[in-house]
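*Asks:* So that we are looking at the same thing, I have put the structure below in structure tokens.
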Amino acid sequence: MTKPTTRMEGPMVLPRAFSLLRLLADEPQGMNLSGMAAHLDMPKSSLSSTLKALTDQGYLSRKGTLYFLGPEAYGLASVILAGRTIRQISRPYLEQTMESTGETVLLAELDVDQKFAIYIDSIESDKSIRFSVPIAARRPLYCSAVGRVFLANMPDRLRASYYDSMTMERQTDNTETDRVEVEKILADIRKSGVSITMGAYSADAAGFAAPIFDSDGRLTAGLVIGVPVSRAERDKQRYIDAAIKAAADISKILGYSGGGRG
């Protein structure tokens with residue numbers, strides 16, 4: 001006697017639905033059925049029923065042959081994000097980055113006076129020689145890796161005011177205090193998307209920092225990988241790539257889709 005074939009449609013519905021939502025979140029111009037099937041490597045027949053169900057419930061919208069995220073998808077995302085702080089949203093990415101690099105990873109915000117970066121979370125390396133800093137510690141904008149991220153993305157008027165009100169003191173032999181030279185460094189940060197310091201604030205510490213933007217393109221936080229200078233010099237590109245990726249992943253969760261600085 002032949003056993004009836006087990007249908008796998010039920011267990012596959014949720015993974016397929018999440019894959020569709022994630023795909024369309026990355027394609028604001030919309031996609032048609034053929035494009036989605038090719039991108040997800042799924043049969044059109046299998047996708048059609050899922051597309052219809054998501055559209056009927058408002059999670060997708062359709063215009064002609066193109067599908068887009070619908071109002072219910074945006075509403076759900078807003079509810080989820082509304083109850084979470086930037087620290088909560090970022091923490092899994094800090095943990096992942098520490099695991100992949102083996103180095104301390106920190107999250108920072110701009111202090112209320114807009115003269116310092118303040119660390120609000122940290123996942124510390126378990127190596128015997130490691131970068132370590134307490135939560136709530138402040139760092140000057142002009143000479144710290146994450147501080148320069150905030151300074152680089154600051155409107156010109158506010159940055160000029162910062163220079164006028166701040167005495168840029170030398171912290172180490174590698175601290176740059178000349179305004180013109182600092183501006184050159186900031187221009188490089190805006191171009192490359194990463195801020196790198198080698199002993200600029202603390203002689204034996206290096207930092208690799210990248211900006212975190214929100215859905216409006218505003219800089220909301222900075223992620224920094226803290227590394228002893230000796231290891232930073234040996235594996236510089238690895239830390240650069242890791243900082244940029246983690247910050248970009250967090251920005252994406254916040255709804256950032258690229259563009260100029262806020």
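In the structure tokens, chains take the letters A, B, ... in the order shown, each chain's residues start at 1, and ligands count up from 1 in the order shown.
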Based on the backbone DSSP call, show me all residues of segment 38-216 of chain A assigned helix (DSSP H, G or I), as a PDB file with N, CA and C atoms, in the first residue's frame.
*Replies:*
ATOM      1  N   ALA A  38      13.368  33.985  -8.771  1.00  0.00           N
ATOM      2  CA  ALA A  38      14.766  33.785  -9.154  1.00  0.00           C
ATOM      3  C   ALA A  38      15.705  34.121  -7.996  1.00  0.00           C
ATOM      4  N   HIS A  39      15.401  35.215  -7.309  1.00  0.00           N
ATOM      5  CA  HIS A  39      16.273  35.666  -6.224  1.00  0.00           C
ATOM      6  C   HIS A  39      16.261  34.688  -5.058  1.00  0.00           C
ATOM      7  N   LEU A  40      15.085  34.144  -4.745  1.00  0.00           N
ATOM      8  CA  LEU A  40      14.945  33.235  -3.611  1.00  0.00           C
ATOM      9  C   LEU A  40      15.100  31.772  -3.995  1.00  0.00           C
ATOM     10  N   LYS A  44       7.641  29.596  -8.765  1.00  0.00           N
ATOM     11  CA  LYS A  44       6.616  30.629  -8.777  1.00  0.00           C
ATOM     12  C   LYS A  44       5.320  30.140  -8.126  1.00  0.00           C
ATOM     13  N   SER A  45       4.985  28.886  -8.388  1.00  0.00           N
ATOM     14  CA  SER A  45       3.736  28.343  -7.850  1.00  0.00           C
ATOM     15  C   SER A  45       3.734  28.361  -6.327  1.00  0.00           C
ATOM     16  N   SER A  46       4.893  28.106  -5.717  1.00  0.00           N
ATOM     17  CA  SER A  46       4.980  28.107  -4.255  1.00  0.00           C
ATOM     18  C   SER A  46       4.890  29.518  -3.691  1.00  0.00           C
ATOM     19  N   LEU A  47       5.452  30.494  -4.423  1.00  0.00           N
ATOM     20  CA  LEU A  47       5.441  31.869  -3.945  1.00  0.00           C
ATOM     21  C   LEU A  47       4.078  32.528  -4.090  1.00  0.00           C
ATOM     22  N   SER A  48       3.346  32.155  -5.097  1.00  0.00           N
ATOM     23  CA  SER A  48       2.088  32.845  -5.404  1.00  0.00           C
ATOM     24  C   SER A  48       1.130  32.856  -4.233  1.00  0.00           C
ATOM     25  N   SER A  49       0.938  31.691  -3.591  1.00  0.00           N
ATOM     26  CA  SER A  49      -0.009  31.623  -2.481  1.00  0.00           C
ATOM     27  C   SER A  49       0.465  32.459  -1.292  1.00  0.00           C
ATOM     28  N   THR A  50       1.773  32.472  -1.057  1.00  0.00           N
ATOM     29  CA  THR A  50       2.315  33.269   0.047  1.00  0.00           C
ATOM     30  C   THR A  50       2.159  34.758  -0.237  1.00  0.00           C
ATOM     31  N   LEU A  51       2.425  35.147  -1.475  1.00  0.00           N
ATOM     32  CA  LEU A  51       2.250  36.547  -1.866  1.00  0.00           C
ATOM     33  C   LEU A  51       0.806  36.990  -1.688  1.00  0.00           C
ATOM     34  N   LYS A  52      -0.137  36.148  -2.077  1.00  0.00           N
ATOM     35  CA  LYS A  52      -1.555  36.492  -1.957  1.00  0.00           C
ATOM     36  C   LYS A  52      -1.946  36.653  -0.487  1.00  0.00           C
ATOM     37  N   ALA A  53      -1.477  35.717   0.355  1.00  0.00           N
ATOM     38  CA  ALA A  53      -1.820  35.781   1.772  1.00  0.00           C
ATOM     39  C   ALA A  53      -1.245  37.036   2.430  1.00  0.00           C
ATOM     40  N   LEU A  54      -0.002  37.366   2.134  1.00  0.00           N
ATOM     41  CA  LEU A  54       0.629  38.550   2.718  1.00  0.00           C
ATOM     42  C   LEU A  54      -0.012  39.839   2.209  1.00  0.00           C
ATOM     43  N   THR A  55      -0.419  39.832   0.944  1.00  0.00           N
ATOM     44  CA  THR A  55      -1.087  41.002   0.374  1.00  0.00           C
ATOM     45  C   THR A  55      -2.471  41.185   0.991  1.00  0.00           C
ATOM     46  N   ASP A  56      -3.208  40.085   1.140  1.00  0.00           N
ATOM     47  CA  ASP A  56      -4.542  40.158   1.736  1.00  0.00           C
ATOM     48  C   ASP A  56      -4.497  40.699   3.164  1.00  0.00           C
ATOM     49  N   PRO A  71       1.485  48.470   4.466  1.00  0.00           N
ATOM     50  CA  PRO A  71       1.379  49.241   5.711  1.00  0.00           C
ATOM     51  C   PRO A  71       1.490  48.397   6.971  1.00  0.00           C
ATOM     52  N   GLU A  72       0.996  47.160   6.935  1.00  0.00           N
ATOM     53  CA  GLU A  72       1.090  46.322   8.122  1.00  0.00           C
ATOM     54  C   GLU A  72       2.531  45.955   8.443  1.00  0.00           C
ATOM     55  N   ALA A  73       3.358  45.783   7.427  1.00  0.00           N
ATOM     56  CA  ALA A  73       4.771  45.472   7.654  1.00  0.00           C
ATOM     57  C   ALA A  73       5.475  46.641   8.333  1.00  0.00           C
ATOM     58  N   TYR A  74       5.202  47.854   7.842  1.00  0.00           N
ATOM     59  CA  TYR A  74       5.808  49.035   8.454  1.00  0.00           C
ATOM     60  C   TYR A  74       5.276  49.255   9.864  1.00  0.00           C
ATOM     61  N   GLY A  75       3.981  48.992  10.052  1.00  0.00           N
ATOM     62  CA  GLY A  75       3.399  49.147  11.373  1.00  0.00           C
ATOM     63  C   GLY A  75       4.011  48.199  12.382  1.00  0.00           C
ATOM     64  N   LEU A  76       4.222  46.946  11.961  1.00  0.00           N
ATOM     65  CA  LEU A  76       4.826  45.961  12.849  1.00  0.00           C
ATOM     66  C   LEU A  76       6.255  46.353  13.204  1.00  0.00           C
ATOM     67  N   ALA A  77       7.004  46.796  12.200  1.00  0.00           N
ATOM     68  CA  ALA A  77       8.391  47.210  12.443  1.00  0.00           C
ATOM     69  C   ALA A  77       8.448  48.384  13.425  1.00  0.00           C
ATOM     70  N   SER A  78       7.527  49.325  13.279  1.00  0.00           N
ATOM     71  CA  SER A  78       7.495  50.496  14.166  1.00  0.00           C
ATOM     72  C   SER A  78       7.208  50.093  15.601  1.00  0.00           C
ATOM     73  N   VAL A  79       6.264  49.167  15.777  1.00  0.00           N
ATOM     74  CA  VAL A  79       5.922  48.709  17.123  1.00  0.00           C
ATOM     75  C   VAL A  79       7.105  48.005  17.778  1.00  0.00           C
ATOM     76  N   ILE A  80       7.790  47.163  17.010  1.00  0.00           N
ATOM     77  CA  ILE A  80       8.942  46.432  17.540  1.00  0.00           C
ATOM     78  C   ILE A  80      10.054  47.390  17.951  1.00  0.00           C
ATOM     79  N   LEU A  81      10.379  48.352  17.082  1.00  0.00           N
ATOM     80  CA  LEU A  81      11.482  49.264  17.352  1.00  0.00           C
ATOM     81  C   LEU A  81      11.158  50.275  18.441  1.00  0.00           C
ATOM     82  N   ALA A  82       9.877  50.643  18.552  1.00  0.00           N
ATOM     83  CA  ALA A  82       9.476  51.684  19.510  1.00  0.00           C
ATOM     84  C   ALA A  82       9.810  51.289  20.941  1.00  0.00           C
ATOM     85  N   ILE A  86      18.576  51.889  21.401  1.00  0.00           N
ATOM     86  CA  ILE A  86      19.676  51.630  20.482  1.00  0.00           C
ATOM     87  C   ILE A  86      20.641  50.614  21.098  1.00  0.00           C
ATOM     88  N   ARG A  87      20.761  50.622  22.400  1.00  0.00           N
ATOM     89  CA  ARG A  87      21.630  49.651  23.072  1.00  0.00           C
ATOM     90  C   ARG A  87      21.085  48.234  22.906  1.00  0.00           C
ATOM     91  N   GLN A  88      19.790  48.056  23.079  1.00  0.00           N
ATOM     92  CA  GLN A  88      19.184  46.729  22.927  1.00  0.00           C
ATOM     93  C   GLN A  88      19.278  46.240  21.486  1.00  0.00           C
ATOM     94  N   ILE A  89      19.027  47.130  20.547  1.00  0.00           N
ATOM     95  CA  ILE A  89      19.075  46.765  19.138  1.00  0.00           C
ATOM     96  C   ILE A  89      20.493  46.383  18.719  1.00  0.00           C
ATOM     97  N   SER A  90      21.464  47.102  19.239  1.00  0.00           N
ATOM     98  CA  SER A  90      22.845  46.923  18.801  1.00  0.00           C
ATOM     99  C   SER A  90      23.565  45.763  19.474  1.00  0.00           C
ATOM    100  N   ARG A  91      23.129  45.384  20.659  1.00  0.00           N
ATOM    101  CA  ARG A  91      23.907  44.435  21.454  1.00  0.00           C
ATOM    102  C   ARG A  91      24.222  43.116  20.734  1.00  0.00           C
ATOM    103  N   PRO A  92      23.250  42.477  20.031  1.00  0.00           N
ATOM    104  CA  PRO A  92      23.610  41.229  19.327  1.00  0.00           C
ATOM    105  C   PRO A  92      24.732  41.421  18.317  1.00  0.00           C
ATOM    106  N   TYR A  93      24.780  42.597  17.696  1.00  0.00           N
ATOM    107  CA  TYR A  93      25.818  42.864  16.694  1.00  0.00           C
ATOM    108  C   TYR A  93      27.164  43.129  17.369  1.00  0.00           C
ATOM    109  N   LEU A  94      27.137  43.742  18.549  1.00  0.00           N
ATOM    110  CA  LEU A  94      28.373  43.896  19.306  1.00  0.00           C
ATOM    111  C   LEU A  94      28.915  42.527  19.696  1.00  0.00           C
ATOM    112  N   GLU A  95      28.022  41.643  20.140  1.00  0.00           N
ATOM    113  CA  GLU A  95      28.446  40.301  20.539  1.00  0.00           C
ATOM    114  C   GLU A  95      29.016  39.523  19.363  1.00  0.00           C
ATOM    115  N   GLN A  96      28.328  39.599  18.216  1.00  0.00           N
ATOM    116  CA  GLN A  96      28.807  38.893  17.031  1.00  0.00           C
ATOM    117  C   GLN A  96      30.181  39.401  16.589  1.00  0.00           C
ATOM    118  N   THR A  97      30.362  40.717  16.656  1.00  0.00           N
ATOM    119  CA  THR A  97      31.624  41.309  16.214  1.00  0.00           C
ATOM    120  C   THR A  97      32.758  40.950  17.162  1.00  0.00           C
ATOM    121  N   MET A  98      32.473  40.911  18.469  1.00  0.00           N
ATOM    122  CA  MET A  98      33.496  40.477  19.415  1.00  0.00           C
ATOM    123  C   MET A  98      33.892  39.028  19.154  1.00  0.00           C
ATOM    124  N   GLU A  99      32.892  38.181  18.867  1.00  0.00           N
ATOM    125  CA  GLU A  99      33.177  36.774  18.592  1.00  0.00           C
ATOM    126  C   GLU A  99      34.025  36.607  17.329  1.00  0.00           C
ATOM    127  N   SER A 100      33.728  37.397  16.303  1.00  0.00           N
ATOM    128  CA  SER A 100      34.437  37.244  15.026  1.00  0.00           C
ATOM    129  C   SER A 100      35.835  37.844  15.045  1.00  0.00           C
ATOM    130  N   THR A 101      36.044  38.879  15.860  1.00  0.00           N
ATOM    131  CA  THR A 101      37.358  39.538  15.889  1.00  0.00           C
ATOM    132  C   THR A 101      38.175  39.175  17.122  1.00  0.00           C
ATOM    133  N   ALA A 145      38.575  57.504  18.067  1.00  0.00           N
ATOM    134  CA  ALA A 145      38.047  56.951  16.807  1.00  0.00           C
ATOM    135  C   ALA A 145      36.548  57.206  16.682  1.00  0.00           C
ATOM    136  N   VAL A 146      35.794  56.855  17.715  1.00  0.00           N
ATOM    137  CA  VAL A 146      34.344  57.044  17.629  1.00  0.00           C
ATOM    138  C   VAL A 146      33.976  58.516  17.739  1.00  0.00           C
ATOM    139  N   GLY A 147      34.756  59.282  18.476  1.00  0.00           N
ATOM    140  CA  GLY A 147      34.495  60.716  18.557  1.00  0.00           C
ATOM    141  C   GLY A 147      34.622  61.392  17.204  1.00  0.00           C
ATOM    142  N   ARG A 148      35.596  60.976  16.425  1.00  0.00           N
ATOM    143  CA  ARG A 148      35.781  61.546  15.095  1.00  0.00           C
ATOM    144  C   ARG A 148      34.628  61.177  14.154  1.00  0.00           C
ATOM    145  N   VAL A 149      33.987  60.026  14.404  1.00  0.00           N
ATOM    146  CA  VAL A 149      32.808  59.667  13.612  1.00  0.00           C
ATOM    147  C   VAL A 149      31.723  60.723  13.800  1.00  0.00           C
ATOM    148  N   PHE A 150      31.491  61.121  15.059  1.00  0.00           N
ATOM    149  CA  PHE A 150      30.479  62.141  15.336  1.00  0.00           C
ATOM    150  C   PHE A 150      30.895  63.498  14.770  1.00  0.00           C
ATOM    151  N   LEU A 151      32.157  63.824  14.930  1.00  0.00           N
ATOM    152  CA  LEU A 151      32.640  65.119  14.448  1.00  0.00           C
ATOM    153  C   LEU A 151      32.585  65.192  12.928  1.00  0.00           C
ATOM    154  N   ALA A 152      32.932  64.097  12.252  1.00  0.00           N
ATOM    155  CA  ALA A 152      32.924  64.063  10.787  1.00  0.00           C
ATOM    156  C   ALA A 152      31.522  64.240  10.219  1.00  0.00           C
ATOM    157  N   ASP A 156      28.568  71.549   9.290  1.00  0.00           N
ATOM    158  CA  ASP A 156      29.734  72.434   9.292  1.00  0.00           C
ATOM    159  C   ASP A 156      29.654  73.518  10.361  1.00  0.00           C
ATOM    160  N   ARG A 157      28.472  74.087  10.544  1.00  0.00           N
ATOM    161  CA  ARG A 157      28.305  75.171  11.511  1.00  0.00           C
ATOM    162  C   ARG A 157      28.578  74.687  12.933  1.00  0.00           C
ATOM    163  N   LEU A 158      28.049  73.512  13.264  1.00  0.00           N
ATOM    164  CA  LEU A 158      28.254  72.969  14.604  1.00  0.00           C
ATOM    165  C   LEU A 158      29.695  72.538  14.815  1.00  0.00           C
ATOM    166  N   ARG A 159      30.317  72.028  13.761  1.00  0.00           N
ATOM    167  CA  ARG A 159      31.717  71.616  13.885  1.00  0.00           C
ATOM    168  C   ARG A 159      32.617  72.838  14.099  1.00  0.00           C
ATOM    169  N   ALA A 160      32.313  73.936  13.413  1.00  0.00           N
ATOM    170  CA  ALA A 160      33.085  75.171  13.612  1.00  0.00           C
ATOM    171  C   ALA A 160      32.925  75.671  15.040  1.00  0.00           C
ATOM    172  N   SER A 161      31.705  75.563  15.572  1.00  0.00           N
ATOM    173  CA  SER A 161      31.455  75.972  16.950  1.00  0.00           C
ATOM    174  C   SER A 161      32.222  75.087  17.926  1.00  0.00           C
ATOM    175  N   TYR A 162      32.314  73.801  17.591  1.00  0.00           N
ATOM    176  CA  TYR A 162      33.073  72.865  18.433  1.00  0.00           C
ATOM    177  C   TYR A 162      34.531  73.294  18.511  1.00  0.00           C
ATOM    178  N   TYR A 163      35.137  73.585  17.372  1.00  0.00           N
ATOM    179  CA  TYR A 163      36.538  73.996  17.363  1.00  0.00           C
ATOM    180  C   TYR A 163      36.742  75.270  18.188  1.00  0.00           C
ATOM    181  N   ASP A 164      35.805  76.191  18.082  1.00  0.00           N
ATOM    182  CA  ASP A 164      35.940  77.471  18.787  1.00  0.00           C
ATOM    183  C   ASP A 164      35.824  77.315  20.302  1.00  0.00           C
ATOM    184  N   SER A 165      35.084  76.303  20.740  1.00  0.00           N
ATOM    185  CA  SER A 165      34.832  76.160  22.177  1.00  0.00           C
ATOM    186  C   SER A 165      35.693  75.097  22.852  1.00  0.00           C
ATOM    187  N   ARG A 179      43.779  72.150  13.678  1.00  0.00           N
ATOM    188  CA  ARG A 179      42.419  72.140  13.127  1.00  0.00           C
ATOM    189  C   ARG A 179      42.400  71.748  11.657  1.00  0.00           C
ATOM    190  N   VAL A 180      43.324  72.247  10.891  1.00  0.00           N
ATOM    191  CA  VAL A 180      43.369  71.946   9.456  1.00  0.00           C
ATOM    192  C   VAL A 180      43.626  70.453   9.242  1.00  0.00           C
ATOM    193  N   GLU A 181      44.548  69.908  10.012  1.00  0.00           N
ATOM    194  CA  GLU A 181      44.864  68.484   9.868  1.00  0.00           C
ATOM    195  C   GLU A 181      43.711  67.607  10.344  1.00  0.00           C
ATOM    196  N   VAL A 182      43.039  68.013  11.412  1.00  0.00           N
ATOM    197  CA  VAL A 182      41.876  67.263  11.888  1.00  0.00           C
ATOM    198  C   VAL A 182      40.792  67.251  10.812  1.00  0.00           C
ATOM    199  N   GLU A 183      40.606  68.393  10.147  1.00  0.00           N
ATOM    200  CA  GLU A 183      39.605  68.468   9.077  1.00  0.00           C
ATOM    201  C   GLU A 183      39.932  67.516   7.929  1.00  0.00           C
ATOM    202  N   LYS A 184      41.206  67.353   7.627  1.00  0.00           N
ATOM    203  CA  LYS A 184      41.611  66.405   6.580  1.00  0.00           C
ATOM    204  C   LYS A 184      41.267  64.979   6.998  1.00  0.00           C
ATOM    205  N   ILE A 185      41.500  64.670   8.264  1.00  0.00           N
ATOM    206  CA  ILE A 185      41.171  63.339   8.785  1.00  0.00           C
ATOM    207  C   ILE A 185      39.664  63.096   8.689  1.00  0.00           C
ATOM    208  N   LEU A 186      38.874  64.094   9.054  1.00  0.00           N
ATOM    209  CA  LEU A 186      37.418  63.957   9.021  1.00  0.00           C
ATOM    210  C   LEU A 186      36.906  63.780   7.592  1.00  0.00           C
ATOM    211  N   ALA A 187      37.536  64.462   6.653  1.00  0.00           N
ATOM    212  CA  ALA A 187      37.142  64.303   5.245  1.00  0.00           C
ATOM    213  C   ALA A 187      37.385  62.873   4.787  1.00  0.00           C
ATOM    214  N   ASP A 188      38.488  62.284   5.223  1.00  0.00           N
ATOM    215  CA  ASP A 188      38.780  60.884   4.882  1.00  0.00           C
ATOM    216  C   ASP A 188      37.753  59.943   5.505  1.00  0.00           C
ATOM    217  N   ILE A 189      37.306  60.253   6.718  1.00  0.00           N
ATOM    218  CA  ILE A 189      36.300  59.428   7.390  1.00  0.00           C
ATOM    219  C   ILE A 189      34.986  59.458   6.622  1.00  0.00           C
ATOM    220  N   ARG A 190      34.578  60.643   6.189  1.00  0.00           N
ATOM    221  CA  ARG A 190      33.332  60.760   5.422  1.00  0.00           C
ATOM    222  C   ARG A 190      33.425  59.990   4.115  1.00  0.00           C
ATOM    223  N   LYS A 191      34.603  59.954   3.531  1.00  0.00           N
ATOM    224  CA  LYS A 191      34.792  59.266   2.254  1.00  0.00           C
ATOM    225  C   LYS A 191      34.849  57.750   2.428  1.00  0.00           C
ATOM    226  N   SER A 192      35.555  57.288   3.447  1.00  0.00           N
ATOM    227  CA  SER A 192      35.776  55.847   3.631  1.00  0.00           C
ATOM    228  C   SER A 192      34.703  55.175   4.476  1.00  0.00           C
TER     229      SER A 192
END
*Asks:* For the structure I just gave you, how does DSSP split segment 20-247 of chain A - specifically, which residues are strand (DSSP E or B)? Reply as a PyMOL selection string.
*Replies:* chain A and resi 31+60-63+66-69+104-110+116-123+138-140+195-198+205-213+219-228
*Asks:* So that I have them on file, write out the residues from the current selection with N, CA and C atoms, as a CSV table (one decimal), in the first residue's frame.
*Replies:*
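The result, stored in part25.csv:
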chain,number,residue,atom,x,y,z
A,31,MET,N,9.4,44.4,-6.7
A,31,MET,CA,9.8,43.2,-7.5
A,31,MET,C,8.6,42.5,-8.0
A,60,LEU,N,2.0,43.1,2.4
A,60,LEU,CA,2.5,43.5,1.1
A,60,LEU,C,1.5,44.4,0.3
A,61,SER,N,2.0,45.2,-0.6
A,61,SER,CA,1.1,46.0,-1.5
A,61,SER,C,1.5,45.6,-2.9
A,62,ARG,N,0.5,45.7,-3.8
A,62,ARG,CA,0.8,45.3,-5.2
A,62,ARG,C,0.3,46.5,-6.1
A,63,LYS,N,1.2,46.8,-7.0
A,63,LYS,CA,0.9,47.8,-8.1
A,63,LYS,C,1.3,47.1,-9.4
A,66,LEU,N,4.2,44.5,-9.7
A,66,LEU,CA,5.2,44.7,-8.7
A,66,LEU,C,4.6,44.6,-7.3
A,67,TYR,N,5.4,44.0,-6.4
A,67,TYR,CA,5.0,43.9,-5.0
A,67,TYR,C,6.0,44.8,-4.1
A,68,PHE,N,5.4,45.4,-3.1
A,68,PHE,CA,6.1,46.2,-2.2
A,68,PHE,C,5.7,45.8,-0.8
A,69,LEU,N,6.5,46.3,0.2
A,69,LEU,CA,6.1,46.2,1.6
A,69,LEU,C,4.8,47.0,1.8
A,104,THR,N,37.5,43.8,21.9
A,104,THR,CA,36.4,44.5,22.6
A,104,THR,C,35.7,45.4,21.6
A,105,VAL,N,34.3,45.4,21.7
A,105,VAL,CA,33.5,46.2,20.8
A,105,VAL,C,32.6,47.1,21.7
A,106,LEU,N,32.5,48.3,21.3
A,106,LEU,CA,31.7,49.3,22.1
A,106,LEU,C,30.7,50.1,21.3
A,107,LEU,N,29.7,50.6,22.0
A,107,LEU,CA,28.7,51.4,21.4
A,107,LEU,C,28.8,52.8,22.0
A,108,ALA,N,28.7,53.8,21.3
A,108,ALA,CA,28.8,55.2,21.8
A,108,ALA,C,27.8,56.1,21.3
A,109,GLU,N,27.4,57.1,22.1
A,109,GLU,CA,26.5,58.2,21.6
A,109,GLU,C,27.2,59.5,21.8
A,110,LEU,N,26.7,60.5,21.2
A,110,LEU,CA,27.2,61.9,21.4
A,110,LEU,C,26.6,62.4,22.7
A,116,PHE,N,31.8,65.5,23.5
A,116,PHE,CA,32.4,64.2,23.9
A,116,PHE,C,31.5,63.0,23.4
A,117,ALA,N,32.1,61.9,23.1
A,117,ALA,CA,31.4,60.6,22.9
A,117,ALA,C,31.4,59.9,24.2
A,118,ILE,N,30.2,59.3,24.5
A,118,ILE,CA,30.1,58.6,25.7
A,118,ILE,C,29.7,57.1,25.4
A,119,TYR,N,30.5,56.2,26.0
A,119,TYR,CA,30.2,54.8,25.8
A,119,TYR,C,29.0,54.3,26.6
A,120,ILE,N,28.1,53.6,25.9
A,120,ILE,CA,26.8,53.2,26.5
A,120,ILE,C,26.7,51.7,26.6
A,121,ASP,N,27.6,51.0,25.9
A,121,ASP,CA,27.6,49.5,26.0
A,121,ASP,C,29.0,49.0,25.5
A,122,SER,N,29.3,47.8,26.0
A,122,SER,CA,30.6,47.2,25.7
A,122,SER,C,30.5,45.7,25.8
A,123,ILE,N,31.1,45.0,24.9
A,123,ILE,CA,31.3,43.5,25.0
A,123,ILE,C,32.8,43.4,25.0
A,138,ARG,N,33.8,59.0,28.9
A,138,ARG,CA,33.7,60.0,27.8
A,138,ARG,C,35.0,60.1,27.1
A,139,ARG,N,35.0,60.4,25.8
A,139,ARG,CA,36.2,60.6,25.0
A,139,ARG,C,36.0,61.8,24.2
A,140,PRO,N,37.1,62.6,24.0
A,140,PRO,CA,37.0,63.8,23.2
A,140,PRO,C,36.7,63.5,21.7
A,195,SER,N,36.6,55.4,10.8
A,195,SER,CA,37.5,56.2,11.6
A,195,SER,C,38.5,55.3,12.2
A,196,ILE,N,39.8,55.6,12.0
A,196,ILE,CA,40.9,54.8,12.6
A,196,ILE,C,41.8,55.6,13.4
A,197,THR,N,42.1,55.2,14.6
A,197,THR,CA,43.1,55.9,15.4
A,197,THR,C,44.2,54.8,15.9
A,198,MET,N,45.4,55.2,15.9
A,198,MET,CA,46.5,54.4,16.4
A,198,MET,C,47.3,55.2,17.4
A,205,ALA,N,46.5,52.0,22.5
A,205,ALA,CA,45.2,51.5,22.0
A,205,ALA,C,44.9,52.1,20.7
A,206,ALA,N,44.3,51.2,19.8
A,206,ALA,CA,43.8,51.6,18.5
A,206,ALA,C,42.3,51.5,18.5
A,207,GLY,N,41.7,52.3,17.6
A,207,GLY,CA,40.2,52.2,17.5
A,207,GLY,C,39.8,52.2,16.0
A,208,PHE,N,38.8,51.4,15.8
A,208,PHE,CA,38.2,51.3,14.4
A,208,PHE,C,36.7,51.5,14.6
A,209,ALA,N,36.2,52.7,14.1
A,209,ALA,CA,34.8,53.1,14.4
A,209,ALA,C,34.1,53.4,13.1
A,210,ALA,N,32.8,53.1,13.2
A,210,ALA,CA,31.9,53.4,12.0
A,210,ALA,C,30.6,53.9,12.5
A,211,PRO,N,29.9,54.7,11.6
A,211,PRO,CA,28.7,55.4,12.0
A,211,PRO,C,27.5,54.5,11.9
A,212,ILE,N,26.5,54.7,12.8
A,212,ILE,CA,25.2,54.1,12.8
A,212,ILE,C,24.1,55.1,12.5
A,213,PHE,N,23.4,55.0,11.4
A,213,PHE,CA,22.4,55.9,11.0
A,213,PHE,C,21.0,55.4,11.2
A,219,LEU,N,22.9,60.5,12.1
A,219,LEU,CA,23.8,59.7,12.9
A,219,LEU,C,23.2,59.6,14.3
A,220,THR,N,23.0,58.3,14.7
A,220,THR,CA,22.4,58.1,16.0
A,220,THR,C,23.4,57.5,17.0
A,221,ALA,N,24.4,56.8,16.5
A,221,ALA,CA,25.4,56.2,17.4
A,221,ALA,C,26.7,55.8,16.6
A,222,GLY,N,27.7,55.4,17.3
A,222,GLY,CA,28.9,54.9,16.7
A,222,GLY,C,29.3,53.6,17.3
A,223,LEU,N,29.8,52.7,16.5
A,223,LEU,CA,30.4,51.4,16.9
A,223,LEU,C,31.9,51.5,16.8
A,224,VAL,N,32.6,51.0,17.8
A,224,VAL,CA,34.0,51.0,17.7
A,224,VAL,C,34.6,49.7,18.2
A,225,ILE,N,35.6,49.2,17.5
A,225,ILE,CA,36.4,48.0,17.9
A,225,ILE,C,37.7,48.6,18.6
A,226,GLY,N,37.9,48.2,19.8
A,226,GLY,CA,39.1,48.7,20.5
A,226,GLY,C,40.1,47.6,20.5
A,227,VAL,N,41.3,47.9,20.1
A,227,VAL,CA,42.4,46.9,19.9
A,227,VAL,C,43.7,47.4,20.4
A,228,PRO,N,44.5,46.6,21.1
A,228,PRO,CA,45.9,47.0,21.4
A,228,PRO,C,46.6,47.3,20.1
*Asks:* Go through A:Lys236, A:Arg218, A:Arg231, A:Lys127 and flag the residue nearest Leu254 of chain A, using only C-alpha atoms for the distances.
*Replies:* A:Arg218
*Asks:* Distance atom CA of Leu33 of chain A-atom CA of Thr65 of chain A, one decimal place?
*Replies:*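 One can read the atom CA of Leu33 of chain A to atom CA of Thr65 of chain A distance as 7.4 Å.
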